[in-house]
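Chemist: File target_17.cif below, mmCIF, C-alpha atoms and all ligand atoms:
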data_upload
loop_
_atom_site.label_atom_id
_atom_site.label_comp_id
_atom_site.auth_asym_id
_atom_site.auth_seq_id
_atom_site.Cartn_x
_atom_site.Cartn_y
_atom_site.Cartn_z
CA MET A 14 9.58 17.12 11.58
CA ILE A 15 7.96 17.43 8.12
CA THR A 16 9.32 20.74 6.95
CA GLU A 17 11.84 20.09 4.21
CA HIS A 18 11.37 18.24 0.95
CA VAL A 19 13.57 15.28 0.16
CA ASN A 20 13.77 13.87 -3.36
CA ARG A 21 15.28 10.53 -2.48
CA ILE A 22 14.64 8.09 0.35
CA PRO A 23 17.08 5.18 0.32
CA VAL A 24 15.80 1.86 1.67
CA HIS A 25 18.43 -0.29 3.40
CA LEU A 26 18.66 -3.95 4.23
CA ASP A 27 21.57 -5.42 6.19
CA GLY A 28 23.32 -2.05 6.12
CA LYS A 29 23.21 -1.73 2.32
CA THR A 30 21.02 0.49 0.16
CA ILE A 31 18.69 -1.86 -1.73
CA TYR A 32 16.73 0.75 -3.66
CA ASP A 33 15.70 4.39 -3.64
CA ILE A 34 12.25 5.86 -3.37
CA VAL A 35 12.43 8.89 -5.66
CA LEU A 36 9.90 11.71 -5.22
CA GLU A 37 9.31 14.00 -8.20
CA ASP A 38 6.59 16.28 -9.62
CA SER A 39 6.80 14.80 -13.13
CA PHE A 40 8.24 11.92 -15.16
CA ASP A 41 11.17 14.15 -16.24
CA ALA A 42 13.77 12.34 -14.13
CA LEU A 43 12.50 8.82 -14.95
CA ALA A 44 14.96 8.17 -17.80
CA LYS A 45 17.92 9.18 -15.64
CA GLU A 46 16.77 7.07 -12.68
CA VAL A 47 16.06 3.97 -14.76
CA SER A 48 19.28 4.34 -16.78
CA ALA A 49 21.21 4.40 -13.50
CA LEU A 50 20.10 0.76 -13.08
CA GLY A 51 22.19 -0.14 -16.16
CA THR A 52 19.34 -0.69 -18.61
CA GLU A 53 21.04 0.29 -21.89
CA LYS A 54 21.17 -3.29 -23.26
CA LYS A 55 17.99 -4.54 -21.61
CA LYS A 56 14.39 -4.90 -22.71
CA ILE A 57 11.73 -3.30 -20.54
CA CYS A 58 8.18 -4.60 -20.17
CA ILE A 59 5.71 -2.12 -18.72
CA ILE A 60 2.76 -3.76 -16.95
CA ALA A 61 -0.28 -1.50 -16.53
CA ASP A 62 -4.03 -1.79 -16.20
CA SER A 63 -6.36 -0.40 -18.86
CA ASN A 64 -7.18 2.81 -16.89
CA VAL A 65 -3.60 3.81 -16.21
CA ALA A 66 -2.47 2.73 -19.69
CA ASP A 67 -4.92 5.26 -21.19
CA LEU A 68 -3.44 8.03 -19.07
CA TYR A 69 0.31 7.41 -18.90
CA LEU A 70 1.47 4.43 -20.99
CA ASP A 71 2.45 6.43 -24.09
CA GLU A 72 4.40 9.01 -22.09
CA VAL A 73 6.25 6.41 -20.00
CA THR A 74 6.94 4.18 -23.04
CA LYS A 75 8.47 7.12 -24.88
CA ILE A 76 10.68 8.03 -21.93
CA LEU A 77 11.84 4.46 -21.29
CA SER A 78 12.52 3.82 -25.01
CA GLY A 79 15.40 6.25 -24.70
CA CYS A 80 17.17 4.22 -22.02
CA CYS A 81 16.99 0.59 -23.13
CA ARG A 82 17.03 -1.77 -26.14
CA GLU A 83 13.28 -2.19 -26.53
CA VAL A 84 10.05 -1.47 -24.64
CA THR A 85 6.91 -3.59 -24.79
CA SER A 86 3.80 -3.42 -22.65
CA TYR A 87 1.32 -5.84 -21.16
CA VAL A 88 -2.04 -4.19 -20.40
CA PHE A 89 -4.74 -6.02 -18.43
CA PRO A 90 -8.33 -4.95 -17.63
CA ALA A 91 -8.52 -2.67 -14.58
CA GLY A 92 -10.03 -4.03 -11.35
CA GLU A 93 -9.11 -6.04 -8.25
CA GLU A 94 -10.98 -9.01 -9.79
CA ASN A 95 -8.14 -9.27 -12.33
CA LYS A 96 -5.41 -9.52 -9.70
CA ASN A 97 -5.25 -13.26 -10.24
CA LEU A 98 -3.22 -16.08 -11.71
CA LYS A 99 -4.97 -15.78 -15.08
CA THR A 100 -3.58 -12.26 -15.52
CA VAL A 101 -0.19 -13.47 -14.30
CA GLN A 102 -0.31 -16.24 -16.92
CA GLY A 103 -1.06 -13.61 -19.59
CA ALA A 104 1.97 -11.61 -18.47
CA TYR A 105 4.22 -14.71 -18.53
CA GLU A 106 3.03 -15.45 -22.07
CA HIS A 107 3.80 -11.90 -23.16
CA LEU A 108 7.31 -12.16 -21.69
CA ILE A 109 7.97 -15.57 -23.27
CA LEU A 110 6.66 -14.58 -26.71
CA ASN A 111 8.75 -11.40 -26.61
CA HIS A 112 11.88 -13.32 -25.55
CA TYR A 113 12.43 -11.63 -22.20
CA ASP A 114 15.43 -13.05 -20.36
CA ARG A 115 16.58 -12.96 -16.76
CA LYS A 116 18.56 -9.71 -17.21
CA ASP A 117 15.55 -7.74 -18.51
CA LEU A 118 13.40 -5.42 -16.45
CA LEU A 119 9.69 -5.17 -15.61
CA VAL A 120 8.01 -1.88 -14.73
CA ALA A 121 4.80 -1.70 -12.70
CA LEU A 122 2.93 1.41 -13.83
CA GLY A 123 -0.18 1.81 -11.70
CA GLY A 124 -1.77 1.33 -8.31
CA GLY A 125 -1.66 -1.48 -5.77
CA VAL A 126 -3.17 -4.17 -8.01
CA THR A 127 -0.61 -3.54 -10.75
CA GLY A 128 2.33 -3.22 -8.36
CA ASP A 129 1.50 -6.43 -6.49
CA LEU A 130 0.81 -8.35 -9.70
CA CYS A 131 3.83 -7.10 -11.65
CA GLY A 132 6.02 -7.69 -8.59
CA PHE A 133 4.78 -11.28 -8.40
CA VAL A 134 5.49 -11.82 -12.10
CA ALA A 135 8.97 -10.37 -11.53
CA ALA A 136 9.54 -12.60 -8.50
CA THR A 137 8.66 -15.75 -10.41
CA TYR A 138 9.40 -15.31 -14.14
CA LEU A 139 12.63 -17.24 -14.81
CA ARG A 140 12.94 -17.55 -11.00
CA GLY A 141 13.17 -13.80 -10.59
CA VAL A 142 13.85 -10.68 -12.66
CA ASP A 143 14.29 -7.07 -11.59
CA PHE A 144 11.39 -4.66 -11.45
CA VAL A 145 10.67 -0.98 -10.89
CA GLN A 146 7.58 0.47 -9.26
CA ILE A 147 5.95 3.60 -10.70
CA PRO A 148 3.02 3.94 -8.27
CA THR A 149 0.16 6.11 -9.52
CA THR A 150 -2.29 6.07 -6.60
CA LEU A 151 -1.89 7.59 -3.15
CA LEU A 152 -2.18 4.14 -1.56
CA SER A 153 0.56 2.65 -3.72
CA GLN A 154 2.81 5.71 -3.30
CA VAL A 155 2.71 5.48 0.49
CA ASP A 156 2.22 1.79 1.11
CA SER A 157 1.87 -1.04 -1.39
CA GLY A 158 4.57 0.24 -3.78
CA ILE A 159 7.17 0.14 -1.02
CA GLY A 160 8.52 -2.88 0.79
CA GLY A 161 8.50 -5.72 -1.72
CA LYS A 162 5.23 -7.45 -0.87
CA THR A 163 3.97 -8.95 -4.12
CA GLY A 164 1.12 -11.32 -4.88
CA VAL A 165 -2.31 -12.06 -6.25
CA ASP A 166 -5.72 -13.06 -4.90
CA ILE A 167 -7.14 -16.58 -5.05
CA ASP A 168 -10.90 -16.18 -5.46
CA SER A 169 -11.99 -14.02 -2.50
CA TYR A 170 -8.78 -14.69 -0.55
CA LYS A 171 -6.68 -11.53 -0.86
CA ASN A 172 -2.94 -11.79 -1.50
CA MET A 173 -2.97 -15.50 -0.66
CA VAL A 174 -0.17 -16.32 -3.10
CA GLY A 175 2.88 -14.13 -3.31
CA ALA A 176 6.52 -13.50 -2.57
CA PHE A 177 8.74 -10.87 -1.02
CA HIS A 178 10.62 -9.34 -3.95
CA MET A 179 12.13 -5.89 -3.54
CA PRO A 180 11.91 -3.39 -6.42
CA LYS A 181 15.11 -1.83 -7.79
CA LEU A 182 13.55 1.64 -7.74
CA VAL A 183 10.30 3.28 -6.69
CA TYR A 184 9.71 6.33 -8.90
CA THR A 185 6.95 8.49 -7.48
CA ASN A 186 5.50 11.23 -9.64
CA VAL A 187 3.32 13.08 -7.15
CA SER A 188 1.59 15.10 -9.88
CA VAL A 189 -0.31 12.01 -11.14
CA LEU A 190 -2.49 12.27 -8.02
CA ARG A 191 -4.26 15.15 -9.78
CA THR A 192 -5.95 12.60 -12.08
CA LEU A 193 -6.74 10.23 -9.22
CA PRO A 194 -10.49 9.79 -8.62
CA ASP A 195 -11.63 11.36 -5.32
CA ASP A 196 -12.65 8.06 -3.75
CA GLN A 197 -9.19 6.60 -4.44
CA PHE A 198 -7.60 9.64 -2.83
CA SER A 199 -9.86 9.23 0.18
CA GLY A 200 -9.00 5.50 0.42
CA GLY A 201 -5.29 6.37 0.31
CA MET A 202 -5.79 8.89 3.10
CA GLY A 203 -7.23 6.04 5.20
CA GLU A 204 -3.81 4.38 5.12
CA VAL A 205 -1.86 7.62 5.50
CA ILE A 206 -3.72 8.53 8.70
CA LYS A 207 -3.15 5.02 10.03
CA HIS A 208 0.60 5.46 9.53
CA GLY A 209 0.43 8.34 12.01
CA LEU A 210 -1.61 6.31 14.50
CA ILE A 211 0.73 3.33 14.29
CA LEU A 212 4.12 4.97 14.38
CA ASP A 213 4.24 8.73 14.55
CA LYS A 214 1.95 10.97 16.60
CA GLU A 215 3.74 14.06 15.30
CA TYR A 216 2.86 13.00 11.74
CA PHE A 217 -0.77 12.44 12.77
CA ASP A 218 -0.85 15.96 14.24
CA TRP A 219 0.78 17.37 11.07
CA ILE A 220 -1.96 15.80 8.93
CA GLN A 221 -4.59 17.39 11.17
CA THR A 222 -2.96 20.81 10.90
CA ASN A 223 -2.49 20.59 7.13
CA ARG A 224 -5.74 18.83 6.25
CA ALA A 225 -7.15 21.67 4.12
CA LYS A 226 -4.04 21.86 1.94
CA ILE A 227 -3.95 18.07 1.61
CA LEU A 228 -7.58 17.94 0.53
CA ALA A 229 -6.93 20.72 -1.98
CA LYS A 230 -4.04 18.57 -3.32
CA ASP A 231 -1.58 21.40 -2.83
CA ALA A 232 1.53 20.05 -4.60
CA ASP A 233 4.08 20.95 -1.89
CA THR A 234 1.92 19.62 0.92
CA LEU A 235 1.20 16.36 -0.93
CA LYS A 236 4.91 15.79 -1.41
CA LEU A 237 5.53 16.32 2.29
CA LEU A 238 2.62 14.00 3.12
CA ILE A 239 3.95 11.22 0.89
CA GLN A 240 7.50 11.53 2.13
CA GLY A 241 6.23 11.46 5.74
CA SER A 242 4.40 8.18 5.11
CA ASP A 243 7.31 6.78 3.10
CA PHE A 244 9.66 7.43 6.03
CA ILE A 245 7.31 5.53 8.34
CA LYS A 246 6.91 2.63 5.93
CA ARG A 247 10.68 2.52 5.29
CA GLU A 248 11.44 2.35 9.01
CA VAL A 249 9.18 -0.68 9.49
CA VAL A 250 10.34 -2.47 6.34
CA GLU A 251 14.02 -2.00 7.19
CA ILE A 252 13.55 -3.51 10.65
CA ASP A 253 11.43 -6.44 9.49
CA PRO A 254 11.39 -6.88 5.68
CA THR A 255 9.60 -10.25 5.66
CA GLU A 256 7.02 -9.54 8.39
CA GLN A 257 8.32 -11.81 11.09
CA ASN A 258 7.25 -9.33 13.73
CA GLU A 259 7.21 -5.49 13.64
CA ARG A 260 5.98 -5.18 10.05
CA ALA A 261 2.71 -6.75 11.17
CA THR A 262 1.91 -3.47 12.98
CA LEU A 263 1.22 -1.95 9.53
CA ASN A 264 -1.80 -4.26 9.53
CA PHE A 265 -3.54 -2.15 12.18
CA GLY A 266 -7.27 -2.56 11.56
CA HIS A 267 -6.82 -5.46 9.14
CA THR A 268 -8.23 -8.31 11.24
CA LEU A 269 -11.74 -6.88 11.33
CA GLY A 270 -11.18 -4.72 8.23
CA HIS A 271 -10.31 -7.61 5.90
CA ALA A 272 -13.25 -9.63 7.24
CA ILE A 273 -15.55 -6.69 6.45
CA GLU A 274 -14.01 -6.19 3.00
CA LYS A 275 -14.45 -9.89 2.22
CA LEU A 276 -18.09 -9.94 3.34
CA LYS A 277 -18.68 -6.89 1.14
CA ASN A 278 -17.14 -8.82 -1.79
CA PHE A 279 -14.31 -6.28 -1.98
CA THR A 280 -16.69 -3.63 -3.30
CA MET A 281 -15.32 -1.12 -0.78
CA LEU A 282 -11.88 0.44 -0.87
CA HIS A 283 -9.24 -1.06 1.42
CA GLY A 284 -8.70 2.32 3.09
CA HIS A 285 -12.46 2.55 3.80
CA SER A 286 -12.87 -0.67 5.75
CA VAL A 287 -13.26 0.95 9.24
CA GLY A 288 -11.36 -1.90 10.92
CA ALA A 289 -8.92 0.54 12.52
CA LEU A 290 -11.73 2.53 14.10
CA ALA A 291 -13.12 -0.68 15.62
CA ALA A 292 -9.63 -1.60 16.88
CA MET A 293 -9.32 1.88 18.44
CA ASN A 294 -12.39 1.06 20.50
CA ILE A 295 -10.72 -2.08 21.88
CA CYS A 296 -7.72 0.13 22.80
CA LYS A 297 -10.07 2.54 24.57
CA GLU A 298 -11.77 -0.23 26.58
CA ARG A 299 -8.32 -1.37 27.68
CA GLY A 300 -7.46 2.17 28.82
CA LEU A 301 -4.77 2.59 26.14
CA VAL A 302 -6.31 5.50 24.20
CA LYS A 303 -8.86 8.13 25.21
CA GLN A 304 -12.28 8.87 23.73
CA ASP A 305 -11.10 12.32 22.58
CA GLU A 306 -8.31 10.61 20.60
CA ILE A 307 -10.87 8.39 18.90
CA ASP A 308 -12.98 11.48 18.21
CA ALA A 309 -9.98 13.23 16.64
CA TYR A 310 -9.31 10.19 14.44
CA LYS A 311 -12.96 10.01 13.45
CA ALA A 312 -13.08 13.72 12.63
CA LEU A 313 -10.04 13.35 10.38
CA MET A 314 -11.62 10.35 8.65
CA GLU A 315 -14.79 12.34 8.04
CA TYR A 316 -12.78 15.29 6.72
CA PHE A 317 -11.27 13.01 4.05
CA PHE A 318 -14.64 11.33 3.27
CA ILE A 319 -13.59 8.05 4.84
CA PRO A 320 -16.66 6.20 6.16
CA THR A 321 -16.81 5.79 9.94
CA SER A 322 -19.53 3.14 10.06
CA ILE A 323 -20.80 0.19 8.07
CA SER A 324 -24.23 -1.29 7.44
CA GLY A 325 -25.64 -4.63 6.31
CA LEU A 326 -23.38 -6.93 8.33
CA ASN A 327 -23.77 -8.77 11.61
CA THR A 328 -21.25 -9.46 14.33
CA GLU A 329 -21.20 -13.24 14.02
CA GLU A 330 -20.41 -13.27 10.31
CA VAL A 331 -17.61 -10.71 10.68
CA ILE A 332 -16.02 -12.67 13.54
CA ALA A 333 -16.36 -15.92 11.59
CA ALA A 334 -14.64 -14.26 8.60
CA THR A 335 -11.65 -13.18 10.76
CA LYS A 336 -10.82 -16.88 11.22
CA ASN A 337 -9.64 -17.17 7.61
CA ASP A 338 -7.36 -14.20 7.90
CA LYS A 339 -3.65 -14.48 7.11
CA LYS A 340 -3.02 -12.90 10.51
CA MET A 341 -3.89 -16.15 12.28
CA GLU A 342 -0.86 -17.79 13.87
CA ALA A 343 -1.19 -21.33 15.29
CA GLY A 344 -4.95 -20.81 15.55
CA VAL A 345 -4.62 -17.52 17.49
CA ILE A 346 -5.59 -14.15 16.04
CA LYS A 347 -2.69 -11.71 15.83
CA PHE A 348 -4.43 -8.42 16.56
CA ILE A 349 -2.70 -5.06 16.24
CA LEU A 350 -3.49 -2.56 18.97
CA LEU A 351 -2.14 0.85 19.97
CA ASP A 352 -0.66 1.29 23.43
CA ARG A 353 -0.81 5.01 22.66
CA VAL A 354 -1.50 7.15 19.60
CA GLY A 355 1.72 6.86 17.58
CA HIS A 356 2.71 3.37 18.77
CA ALA A 357 1.29 -0.02 17.76
CA TYR A 358 2.00 -3.50 19.13
CA ILE A 359 0.97 -7.09 18.39
CA ASP A 360 -1.56 -8.55 20.79
CA ARG A 361 -2.67 -12.19 20.96
CA THR A 362 -5.26 -11.83 23.71
CA VAL A 363 -8.17 -10.01 22.03
CA THR A 364 -11.37 -11.89 22.89
CA LYS A 365 -14.53 -12.52 20.91
CA ASP A 366 -16.42 -10.28 23.36
CA GLU A 367 -14.01 -7.41 22.75
CA MET A 368 -14.40 -7.81 19.00
CA GLU A 369 -18.19 -7.89 19.35
CA ARG A 370 -18.26 -4.66 21.36
CA ALA A 371 -15.79 -3.02 18.94
CA LEU A 372 -17.95 -3.99 15.96
CA ALA A 373 -21.04 -2.57 17.69
CA THR A 374 -19.34 0.86 17.65
CA ILE A 375 -18.97 0.84 13.85
CA PHE A 376 -22.24 -0.83 12.83
CA ARG A 377 -25.22 1.30 11.91
N1 LIG A 401 0.83 -2.97 3.55
C1 LIG A 401 1.43 -3.60 4.64
C2 LIG A 401 2.83 -3.98 4.41
O1 LIG A 401 3.42 -3.61 3.43
O2 LIG A 401 3.39 -4.68 5.22
#
I'd like the structure from this file rewritten - as structure tokens, please.
Ligand code: GLY

Modeler:
Amino acid sequence: MITEHVNRIPVHLDGKTIYDIVLEDSFDALAKEVSALGTEKKKICIIADSNVADLYLDEVTKILSGCCREVTSYVFPAGEENKNLKTVQGAYEHLILNHYDRKDLLVALGGGVTGDLCGFVAATYLRGVDFVQIPTTLLSQVDSGIGGKTGVDIDSYKNMVGAFHMPKLVYTNVSVLRTLPDDQFSGGMGEVIKHGLILDKEYFDWIQTNRAKILAKDADTLKLLIQGSDFIKREVVEIDPTEQNERATLNFGHTLGHAIEKLKNFTMLHGHSVGALAAMNICKERGLVKQDEIDAYKALMEYFFIPTSISGLNTEEVIAATKNDKKMEAGVIKFILLDRVGHAYIDRTVTKDEMERALATIFR
């Protein structure tokens, strides 16, 4: 399956192409791709955090200046703790003071925090303006940058306020992953591997086979990896853009994982939350996956420095924390399970006992 490079992955809704995911090795094609959105007379506001701004803001500003009327930027301090309404308010103020109107364009330059936040500003400023995603982390290139989920956190409640607002373009420059800190790369791999578990066994096997080249950040292999995950994400988003049903399968591992992340005050990376490994153990108890499949998953996690256990928590507090999860529906936990490696489904029958035994397998 993953043998040939593609440079463009169109995303469709209701039979129409809504936007393209463009895969490149540089920012060289950015001006052409953004200009194709008809930006000549528009203003563009780039939203970036302080880390990414230091690395790429000048380069991207220069490029975009050539394809629109004016470029400004709104830079906020890096960190999940700034993915909140205060930062959104700062962005609104920047847009108002710089006279942005409904025809102008926002650009999210950064990882998941920036993409979600900028997308939310775009969804709500003047009741909605267009935006472009330029994801700069592995996680945002394969997951959060695609599919139009936008939002911010309210205190320790992640993504509690948000909107579905599709980007007009996702421009992926794979080469920026070379400056990505190792732990961020590892966290991104947590999600990539899950894509294989949820929807594509062949992709999971491909990751196993190519793990050394992926870890070495071999440019060709990384591009194939990202396009493989993008295909999976696109498939789910096209079927169920607003998460009425199938899209929830992308949340494999989230019920326990989010509870763990919350109890750890979001000090751990999302891709490191070990919720999927616990969920795999529920699948094994139910006879849906085999121990050697869990072992293979665990080995791959270890290869990419993804933790496979967690300390300092107890079962009761994790289970109590799952009750506040967005995945609750009419008081019942929507749990994602695998009926085989490469296929996930929504289950509403997972018991407290099953969760307790699953947690015991990941506690140390
Ligand atoms: N990250 C899960 C989703 O986009 O639905």

Chemist: What residues of the protein or nucleic acid chains come within 6 Å of ligand LIG 401 (chain A) when you use all atoms listed in the file? Reply as an mmCIF file with C-alpha atoms, in the coordinates of the input.

Modeler:
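Now in selection_3.cif:
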data_model
loop_
_atom_site.group_PDB
_atom_site.id
_atom_site.type_symbol
_atom_site.label_atom_id
_atom_site.label_comp_id
_atom_site.auth_asym_id
_atom_site.auth_seq_id
_atom_site.Cartn_x
_atom_site.Cartn_y
_atom_site.Cartn_z
ATOM 1 C CA ASP A 156 2.220 1.790 1.110
ATOM 2 C CA SER A 157 1.870 -1.040 -1.390
ATOM 3 C CA GLY A 160 8.520 -2.880 0.790
ATOM 4 C CA ARG A 260 5.980 -5.180 10.050
ATOM 5 C CA LEU A 263 1.220 -1.950 9.530
ATOM 6 C CA ASN A 264 -1.800 -4.260 9.530
#

Chemist: Restricting the calculation to only C-alpha atoms: of A:Ala272, A:Ile245, A:Ile252, A:Leu282, which residue gets closest to Gly28 of chain A?

Modeler: A:Ile252

Chemist: Show me as a list in words the residues that reach within 12 Å of (-15.1, -8.3, 24.5), counting only C-alpha atoms and using the file's own coordinates.

Modeler: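 Here the neighbourhood of the point contains Ala291, Ala292, Asn294, Ile295, Cys296, Lys297, Glu298, Arg299, Thr328, Ile332, Thr362, Val363, Thr364, Lys365, Asp366, Glu367, Met368, Glu369, Arg370, Ala371, Leu372 and Ala373 of chain A.
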
Chemist: Produce a file of the selected residues containing C-alpha atoms, as a PDB file, keeping the file's coordinate frame.

Modeler:
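Saved as out.pdb:
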ATOM      1  CA  ALA A 291     -13.120  -0.680  15.620  1.00  0.00           C
ATOM      2  CA  ALA A 292      -9.630  -1.600  16.880  1.00  0.00           C
ATOM      3  CA  ASN A 294     -12.390   1.060  20.500  1.00  0.00           C
ATOM      4  CA  ILE A 295     -10.720  -2.080  21.880  1.00  0.00           C
ATOM      5  CA  CYS A 296      -7.720   0.130  22.800  1.00  0.00           C
ATOM      6  CA  LYS A 297     -10.070   2.540  24.570  1.00  0.00           C
ATOM      7  CA  GLU A 298     -11.770  -0.230  26.580  1.00  0.00           C
ATOM      8  CA  ARG A 299      -8.320  -1.370  27.680  1.00  0.00           C
ATOM      9  CA  THR A 328     -21.250  -9.460  14.330  1.00  0.00           C
ATOM     10  CA  ILE A 332     -16.020 -12.670  13.540  1.00  0.00           C
ATOM     11  CA  THR A 362      -5.260 -11.830  23.710  1.00  0.00           C
ATOM     12  CA  VAL A 363      -8.170 -10.010  22.030  1.00  0.00           C
ATOM     13  CA  THR A 364     -11.370 -11.890  22.890  1.00  0.00           C
ATOM     14  CA  LYS A 365     -14.530 -12.520  20.910  1.00  0.00           C
ATOM     15  CA  ASP A 366     -16.420 -10.280  23.360  1.00  0.00           C
ATOM     16  CA  GLU A 367     -14.010  -7.410  22.750  1.00  0.00           C
ATOM     17  CA  MET A 368     -14.400  -7.810  19.000  1.00  0.00           C
ATOM     18  CA  GLU A 369     -18.190  -7.890  19.350  1.00  0.00           C
ATOM     19  CA  ARG A 370     -18.260  -4.660  21.360  1.00  0.00           C
ATOM     20  CA  ALA A 371     -15.790  -3.020  18.940  1.00  0.00           C
ATOM     21  CA  LEU A 372     -17.950  -3.990  15.960  1.00  0.00           C
ATOM     22  CA  ALA A 373     -21.040  -2.570  17.690  1.00  0.00           C
TER      23      ALA A 373
END

Chemist: Segment 175-180 of chain A: which residues within 7 Å, counting all atoms listed in the file, same-chain residues fewer than 4 positions away excluded, as a PyMOL selection string?

Modeler: chain A and resi 32+132-133+136+143-146+160-165+255

Chemist: With only C-alpha atoms counted, which protein, DNA or RNA residues have an atom no more than 12 Å from (-7.4, 12.4, -9.8) in the file frame? Please answer as a VMD selection string.

Modeler: chain A and resid 64 to 65 68 149 to 151 187 to 199 201 228 to 230

Chemist: Those selected residues, please, written with C-alpha atoms and delivered as a compact mmCIF listing (two decimals), in the coordinates of the input.

Modeler:
# COMPACT_ATOMS: atom_id res chain seq x y z
CA ASN A 64 -7.18 2.81 -16.89
CA VAL A 65 -3.60 3.81 -16.21
CA LEU A 68 -3.44 8.03 -19.07
CA THR A 149 0.16 6.11 -9.52
CA THR A 150 -2.29 6.07 -6.60
CA LEU A 151 -1.89 7.59 -3.15
CA VAL A 187 3.32 13.08 -7.15
CA SER A 188 1.59 15.10 -9.88
CA VAL A 189 -0.31 12.01 -11.14
CA LEU A 190 -2.49 12.27 -8.02
CA ARG A 191 -4.26 15.15 -9.78
CA THR A 192 -5.95 12.60 -12.08
CA LEU A 193 -6.74 10.23 -9.22
CA PRO A 194 -10.49 9.79 -8.62
CA ASP A 195 -11.63 11.36 -5.32
CA ASP A 196 -12.65 8.06 -3.75
CA GLN A 197 -9.19 6.60 -4.44
CA PHE A 198 -7.60 9.64 -2.83
CA SER A 199 -9.86 9.23 0.18
CA GLY A 201 -5.29 6.37 0.31
CA LEU A 228 -7.58 17.94 0.53
CA ALA A 229 -6.93 20.72 -1.98
CA LYS A 230 -4.04 18.57 -3.32

Chemist: Out of A:Ile349, A:Ala61, A:Ile220, A:Ala261, which residue has the shortest atom-to-atom distance to Ser242 of chain A when counting all atoms listed in the file?

Modeler: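 Checking each candidate against Ser242 of chain A, we get A:Ile220 as the closest.
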